[in-house]
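Peer 1: start-v2.cif is reproduced below (mmCIF, C-alpha atoms).
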```cif
data_upload
loop_
_atom_site.label_atom_id
_atom_site.label_comp_id
_atom_site.auth_asym_id
_atom_site.auth_seq_id
_atom_site.Cartn_x
_atom_site.Cartn_y
_atom_site.Cartn_z
CA MET A 15 9.42 -28.05 -22.85
CA GLU A 16 6.71 -30.66 -22.61
CA GLY A 17 3.16 -29.38 -22.20
CA LYS A 18 4.05 -25.75 -22.86
CA ARG A 19 2.53 -23.76 -25.69
CA GLU A 20 4.27 -20.64 -26.95
CA GLU A 21 3.08 -17.81 -29.10
CA LYS A 22 5.57 -15.64 -30.93
CA ILE A 23 4.49 -12.03 -30.80
CA PRO A 24 4.91 -10.53 -34.27
CA SER A 25 7.72 -8.00 -34.34
CA ASP A 26 9.90 -6.57 -37.04
CA ARG A 27 12.64 -5.90 -34.48
CA PRO A 28 14.89 -8.31 -32.58
CA LEU A 29 14.38 -8.68 -28.82
CA GLN A 30 15.96 -5.62 -27.21
CA ARG A 31 16.39 -4.84 -23.54
CA SER A 32 13.88 -2.16 -22.66
CA ARG A 33 11.91 -1.27 -19.55
CA HIS A 34 8.82 -1.62 -21.69
CA GLN A 35 9.25 -5.26 -22.69
CA VAL A 36 6.73 -7.64 -21.17
CA VAL A 37 6.21 -11.40 -21.17
CA LEU A 38 2.74 -12.84 -20.48
CA VAL A 39 2.56 -16.36 -19.04
CA THR A 40 -0.80 -18.07 -18.67
CA ILE A 41 -0.79 -20.90 -16.14
CA SER A 42 -3.37 -23.49 -17.15
CA ASP A 43 -3.31 -27.27 -17.50
CA LYS A 44 -6.20 -27.21 -19.99
CA GLY A 45 -4.70 -24.28 -21.89
CA ALA A 46 -1.32 -26.00 -22.18
CA ARG A 47 -3.06 -29.09 -23.59
CA GLY A 48 -4.98 -26.94 -26.10
CA GLU A 49 -8.33 -27.67 -24.45
CA ARG A 50 -9.05 -24.07 -23.42
CA HIS A 51 -8.62 -20.78 -25.27
CA ASP A 52 -6.34 -18.27 -23.50
CA LYS A 53 -8.84 -15.47 -22.92
CA SER A 54 -6.89 -13.97 -20.01
CA GLY A 55 -3.68 -13.74 -22.00
CA GLU A 56 -5.49 -12.02 -24.87
CA ALA A 57 -7.21 -9.53 -22.56
CA LEU A 58 -3.93 -8.71 -20.82
CA LEU A 59 -2.13 -8.36 -24.16
CA ASP A 60 -4.63 -5.75 -25.29
CA MET A 61 -4.60 -3.92 -21.96
CA ILE A 62 -0.83 -3.77 -21.40
CA SER A 63 -0.21 -2.86 -25.05
CA SER A 64 -2.67 0.04 -24.78
CA TRP A 65 -0.46 1.45 -21.99
CA GLY A 66 2.53 1.49 -24.33
CA TYR A 67 4.27 -1.69 -23.24
CA GLU A 68 5.68 -4.12 -25.80
CA VAL A 69 4.63 -7.73 -25.27
CA VAL A 70 7.49 -9.74 -26.74
CA HIS A 71 6.35 -13.24 -25.79
CA ARG A 72 3.31 -15.18 -24.62
CA ALA A 73 3.27 -18.72 -23.32
CA VAL A 74 0.77 -21.12 -21.78
CA VAL A 75 2.35 -23.34 -19.14
CA PRO A 76 0.71 -26.16 -17.17
CA ASP A 77 0.22 -25.86 -13.41
CA GLU A 78 3.62 -27.39 -12.67
CA ARG A 79 5.83 -25.52 -10.24
CA ASP A 80 9.12 -26.46 -11.93
CA LEU A 81 7.89 -25.46 -15.41
CA ILE A 82 6.54 -22.15 -14.16
CA ALA A 83 9.78 -21.35 -12.30
CA ARG A 84 11.84 -22.28 -15.37
CA GLU A 85 9.78 -19.96 -17.57
CA LEU A 86 10.18 -17.08 -15.11
CA ARG A 87 13.95 -17.61 -14.82
CA GLN A 88 14.37 -17.86 -18.60
CA TRP A 89 12.71 -14.52 -19.32
CA ALA A 90 14.24 -12.69 -16.37
CA ASP A 91 17.79 -14.04 -16.57
CA VAL A 92 18.39 -14.83 -20.23
CA HIS A 93 16.26 -12.20 -21.96
CA GLY A 94 16.22 -9.56 -19.22
CA VAL A 95 12.68 -8.36 -19.83
CA ALA A 96 11.41 -5.65 -17.51
CA LEU A 97 8.14 -7.31 -16.57
CA ILE A 98 6.68 -10.80 -16.45
CA ILE A 99 2.95 -11.07 -15.85
CA THR A 100 1.45 -14.43 -14.96
CA THR A 101 -2.26 -15.18 -15.04
CA GLY A 102 -3.74 -18.19 -13.32
CA GLY A 103 -2.83 -20.57 -10.53
CA THR A 104 -3.13 -18.07 -7.67
CA GLY A 105 -6.06 -19.61 -5.80
CA VAL A 106 -6.30 -22.36 -3.22
CA SER A 107 -6.99 -25.46 -5.31
CA PRO A 108 -4.37 -28.23 -5.10
CA ARG A 109 -2.96 -27.44 -8.59
CA ASP A 110 -2.61 -23.67 -7.90
CA VAL A 111 1.18 -23.34 -7.49
CA THR A 112 2.00 -20.08 -9.26
CA PRO A 113 2.78 -18.19 -6.02
CA GLU A 114 5.12 -20.97 -4.85
CA ALA A 115 6.95 -20.98 -8.20
CA THR A 116 7.24 -17.20 -8.09
CA LEU A 117 8.50 -17.19 -4.50
CA GLU A 118 11.11 -19.76 -5.53
CA VAL A 119 12.62 -17.41 -8.12
CA VAL A 120 12.24 -13.88 -6.74
CA ASP A 121 14.95 -12.11 -4.75
CA ARG A 122 12.67 -9.54 -3.11
CA LEU A 123 8.93 -9.16 -2.63
CA VAL A 124 6.84 -6.08 -3.44
CA PRO A 125 3.95 -6.72 -1.02
CA GLY A 126 2.31 -3.32 -1.51
CA MET A 127 1.32 -4.25 -5.06
CA SER A 128 -0.23 -7.60 -4.15
CA GLU A 129 -1.93 -6.04 -1.11
CA ALA A 130 -3.38 -3.24 -3.26
CA MET A 131 -4.67 -5.74 -5.83
CA ARG A 132 -6.33 -7.86 -3.14
CA ALA A 133 -7.85 -4.85 -1.39
CA ALA A 134 -9.37 -3.54 -4.61
CA SER A 135 -10.63 -7.00 -5.56
CA VAL A 136 -12.26 -7.65 -2.17
CA ALA A 137 -14.34 -4.52 -2.77
CA ILE A 138 -15.70 -6.28 -5.86
CA THR A 139 -15.99 -9.88 -4.64
CA PRO A 140 -15.33 -11.59 -1.31
CA ARG A 141 -13.71 -14.46 -3.24
CA ALA A 142 -10.66 -12.24 -3.69
CA MET A 143 -9.71 -13.07 -0.11
CA ILE A 144 -8.47 -16.46 -1.26
CA SER A 145 -6.00 -15.01 -3.75
CA ARG A 146 -2.42 -15.92 -2.94
CA ALA A 147 -0.91 -13.82 -5.74
CA VAL A 148 2.52 -12.35 -5.10
CA VAL A 149 4.63 -9.65 -6.72
CA GLY A 150 8.39 -9.81 -6.60
CA ILE A 151 11.66 -8.88 -8.23
CA ARG A 152 14.22 -11.19 -9.81
CA GLY A 153 17.33 -9.25 -10.76
CA ARG A 154 15.99 -6.35 -12.81
CA THR A 155 12.64 -7.98 -13.65
CA LEU A 156 9.32 -7.42 -11.90
CA ILE A 157 7.06 -10.49 -11.73
CA ILE A 158 3.35 -9.98 -11.10
CA ASN A 159 0.87 -12.82 -10.44
CA LEU A 160 -2.69 -12.15 -11.57
CA PRO A 161 -5.87 -14.24 -11.29
CA GLY A 162 -6.79 -16.59 -14.11
CA SER A 163 -10.13 -15.08 -15.09
CA PRO A 164 -9.96 -12.37 -17.75
CA ARG A 165 -12.02 -9.97 -15.67
CA GLY A 166 -10.06 -10.59 -12.47
CA ALA A 167 -6.72 -10.33 -14.27
CA MET A 168 -7.64 -7.02 -15.89
CA GLU A 169 -9.09 -5.57 -12.66
CA ASN A 170 -5.93 -6.48 -10.75
CA LEU A 171 -3.57 -5.18 -13.44
CA ASN A 172 -5.55 -1.95 -13.56
CA VAL A 173 -4.76 -1.41 -9.86
CA VAL A 174 -0.97 -1.52 -10.34
CA LEU A 175 -0.67 0.11 -13.77
CA PRO A 176 -0.43 3.69 -12.43
CA ALA A 177 2.67 2.75 -10.39
CA LEU A 178 4.20 0.36 -12.91
CA ASP A 179 6.48 2.70 -14.89
CA HIS A 180 7.95 4.13 -11.70
CA ALA A 181 8.49 0.65 -10.22
CA LEU A 182 10.21 -0.58 -13.39
CA ASP A 183 12.42 2.53 -13.51
CA LYS A 184 13.52 1.98 -9.91
CA ILE A 185 14.13 -1.74 -10.37
CA ARG A 186 16.32 -0.98 -13.38
CA GLY A 187 18.46 1.50 -11.43
CA ASP A 188 16.82 4.93 -11.78
CA GLU A 189 18.30 7.08 -9.00
CA GLU A 190 15.80 9.94 -9.20
CA ASP A 191 14.05 10.84 -5.97
CA CYS A 192 10.73 9.10 -5.37
CA GLY A 193 8.86 12.25 -4.32
CA ARG A 194 5.35 12.79 -5.56
CA THR A 195 4.89 14.72 -8.76
#
```
Could I get this file's structure written as structure tokens?

Peer 2:
Amino acid sequence: MEGKREEKIPSDRPLQRSRHQVVLVTISDKGARGERHDKSGEALLDMISSWGYEVVHRAVVPDERDLIARELRQWADVHGVALIITTGGTGVSPRDVTPEATLEVVDRLVPGMSEAMRAASVAITPRAMISRAVVGIRGRTLIINLPGSPRGAMENLNVVLPALDHALDKIRGDEEDCGRT
């Protein structure tokens, strides 16, 4: 894929289907050209790994709707990972197309997660009001859009992490009741 940079996550095991497998996709023209270091991807890798999730792949993709959608489809449909997290491209600049690419591939939206992220972020900065990030489901994969800044990405992920295991269990077919524990 032209313009895309991939990073193989070291693993001594082959890719296995597990609710804990995560793919991180950084959306950045400069990052895809090698002109900017992927600080958001690194911060998210550390954070999601500390919660016990296995990051099996990282990629940096330019702000191109078709390339973003292709990456999301590949990891949801072919590899069947439980979670894809994107960082970047969620604002209002002309090249910010991550939400459109995500909406193109998801079957169902999970608006409560994106609403919770925005609400928490607005309490920190009024600029969060211009976030267009979405969260949705493709098949048995949850896709979460996060802001491109390391701090914003981590703050937003922190909001949804407490509900993440339960959401992934339900998406993958868990029939247990959803009552509070």

Peer 1: When distances are computed from only C-alpha atoms, which of A:Arg132, A:Arg154, A:Arg146, A:Lys44 shows the smallest separation from A:Asp188?

Peer 2: A:Arg154

Peer 1: Check the smallest atom-to-atom distance from each of A:Asp43, A:Glu68, A:Glu189, A:Glu129 to A:Asn159 using only C-alpha atoms, then report the winner.

Peer 2: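 Comparing A:Asp43, A:Glu68, A:Glu189, A:Glu129 against A:Asn159, the winner is A:Glu129.
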
Peer 1: Starting from the PyMOL selection byres ((chain A and resi 158) around 9), expand the selection into actual residues of this file and give them as a PyMOL selection string.

Peer 2: chain A and resi 97-101+116+127-128+147-151+156-157+159-160+171

Peer 1: So, counting only C-alpha atoms, which residue among A:Leu86, A:Val74, A:Val36, A:Ala137 is closest to A:Glu49?

Peer 2: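 Using only C-alpha atoms, the shortest distance to A:Glu49 belongs to A:Val74.
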
Peer 1: I'd like the residues picked by the PyMOL selection byres ((chain A and resi 89) around 12) written out as a PyMOL selection string, using the chain letters and numbers from the file.

Peer 2: chain A and resi 29+31+35-39+70-73+82-88+90-99+119+152-157

Peer 1: Please report the interatomic distance between atom CA of A:Asp60 and atom CA of A:Gly45 in Å with one decimal.

Peer 2: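 Separating atom CA of A:Asp60 from atom CA of A:Gly45 is a distance of 18.8 Å.
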
Peer 1: Using only C-alpha atoms, which residue out of A:Val106, A:Asp191, A:Leu58, A:Gly162 lies closest to A:Ile41?

Peer 2: A:Gly162

Peer 1: Between A:Pro164, A:Gly126, A:Pro176, A:Pro76, single out the one closest to A:Ala57, counting all atoms listed in the file.

Peer 2: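 Checking each of A:Pro164, A:Gly126, A:Pro176, A:Pro76 against A:Ala57, counting all atoms listed in the file, the winner is A:Pro164.
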
Peer 1: What does the distance between atom CA of A:Ala46 and atom CA of A:Pro140 come to in Å, to one decimal place?

Peer 2: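 Atom CA of A:Pro140 lies at a distance of 29.0 Å from atom CA of A:Ala46.
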
Peer 1: Which residue is closest to A:Ser135? Choose from A:Gly166, A:Gly187, A:Gly103, A:Pro113 and count all atoms listed in the file.

Peer 2: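 The closest residue to A:Ser135 is A:Gly166.
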
Peer 1: Give me, please, the distance in Å between atom CA of A:Thr104 and atom CA of A:Ser163, quoted to one decimal.

Peer 2: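 Distance between the two atoms: 10.6 Å.
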
Peer 1: Since the input is missing atoms for stretch 144-174 of chain A, could you rebuild it with N, CA and C atoms and give the result as a short mmCIF file (atom, residue, chain, number, x, y, z; two decimals), keeping the file's coordinate frame?

Peer 2:
```cif
data_model
loop_
_atom_site.label_atom_id
_atom_site.label_comp_id
_atom_site.auth_asym_id
_atom_site.auth_seq_id
_atom_site.Cartn_x
_atom_site.Cartn_y
_atom_site.Cartn_z
N ILE A 144 -9.23 -15.22 -1.15
CA ILE A 144 -8.47 -16.46 -1.26
C ILE A 144 -7.35 -16.37 -2.29
N SER A 145 -7.12 -15.19 -2.83
CA SER A 145 -6.00 -15.01 -3.75
C SER A 145 -4.69 -15.09 -2.97
N ARG A 146 -3.75 -15.82 -3.54
CA ARG A 146 -2.42 -15.92 -2.94
C ARG A 146 -1.37 -15.28 -3.84
N ALA A 147 -1.81 -14.45 -4.77
CA ALA A 147 -0.91 -13.82 -5.74
C ALA A 147 0.20 -13.04 -5.03
N VAL A 148 1.39 -13.10 -5.62
CA VAL A 148 2.52 -12.35 -5.10
C VAL A 148 3.12 -11.50 -6.22
N VAL A 149 3.87 -10.49 -5.80
CA VAL A 149 4.63 -9.65 -6.72
C VAL A 149 6.04 -9.60 -6.18
N GLY A 150 7.00 -9.82 -7.06
CA GLY A 150 8.39 -9.81 -6.60
C GLY A 150 9.35 -9.43 -7.71
N ILE A 151 10.60 -9.32 -7.32
CA ILE A 151 11.66 -8.88 -8.23
C ILE A 151 12.71 -9.98 -8.33
N ARG A 152 13.08 -10.30 -9.56
CA ARG A 152 14.22 -11.19 -9.81
C ARG A 152 15.22 -10.38 -10.64
N GLY A 153 16.35 -10.08 -10.06
CA GLY A 153 17.33 -9.25 -10.76
C GLY A 153 16.75 -7.89 -11.07
N ARG A 154 16.56 -7.63 -12.36
CA ARG A 154 15.99 -6.35 -12.81
C ARG A 154 14.62 -6.56 -13.47
N THR A 155 13.95 -7.64 -13.08
CA THR A 155 12.64 -7.98 -13.65
C THR A 155 11.59 -8.03 -12.56
N LEU A 156 10.47 -7.37 -12.80
CA LEU A 156 9.32 -7.42 -11.90
C LEU A 156 8.41 -8.55 -12.36
N ILE A 157 7.97 -9.38 -11.42
CA ILE A 157 7.06 -10.49 -11.73
C ILE A 157 5.77 -10.26 -10.96
N ILE A 158 4.66 -10.22 -11.69
CA ILE A 158 3.35 -9.98 -11.10
C ILE A 158 2.44 -11.17 -11.36
N ASN A 159 1.88 -11.75 -10.30
CA ASN A 159 0.87 -12.82 -10.44
C ASN A 159 -0.51 -12.20 -10.48
N LEU A 160 -1.31 -12.60 -11.45
CA LEU A 160 -2.69 -12.15 -11.57
C LEU A 160 -3.63 -13.36 -11.56
N PRO A 161 -4.90 -13.14 -11.23
CA PRO A 161 -5.87 -14.24 -11.29
C PRO A 161 -6.01 -14.78 -12.71
N GLY A 162 -6.64 -15.94 -12.82
CA GLY A 162 -6.79 -16.59 -14.11
C GLY A 162 -7.98 -16.14 -14.93
N SER A 163 -8.98 -15.54 -14.30
CA SER A 163 -10.13 -15.08 -15.09
C SER A 163 -9.78 -13.79 -15.81
N PRO A 164 -10.27 -13.61 -17.03
CA PRO A 164 -9.96 -12.37 -17.75
C PRO A 164 -10.36 -11.12 -16.96
N ARG A 165 -11.54 -11.13 -16.41
CA ARG A 165 -12.02 -9.97 -15.67
C ARG A 165 -11.16 -9.70 -14.44
N GLY A 166 -10.89 -10.75 -13.66
CA GLY A 166 -10.06 -10.59 -12.47
C GLY A 166 -8.65 -10.14 -12.81
N ALA A 167 -8.07 -10.71 -13.86
CA ALA A 167 -6.72 -10.33 -14.27
C ALA A 167 -6.66 -8.86 -14.66
N MET A 168 -7.63 -8.41 -15.45
CA MET A 168 -7.64 -7.02 -15.89
C MET A 168 -7.90 -6.06 -14.72
N GLU A 169 -8.82 -6.42 -13.82
CA GLU A 169 -9.09 -5.57 -12.66
C GLU A 169 -7.85 -5.43 -11.79
N ASN A 170 -7.14 -6.53 -11.58
CA ASN A 170 -5.93 -6.48 -10.75
C ASN A 170 -4.81 -5.70 -11.44
N LEU A 171 -4.61 -5.92 -12.73
CA LEU A 171 -3.57 -5.18 -13.44
C LEU A 171 -3.88 -3.69 -13.43
N ASN A 172 -5.15 -3.35 -13.57
CA ASN A 172 -5.55 -1.95 -13.56
C ASN A 172 -5.14 -1.25 -12.25
N VAL A 173 -5.13 -1.98 -11.15
CA VAL A 173 -4.76 -1.41 -9.86
C VAL A 173 -3.29 -0.99 -9.84
N VAL A 174 -2.40 -1.81 -10.42
CA VAL A 174 -0.97 -1.52 -10.34
C VAL A 174 -0.42 -0.71 -11.51
#
```
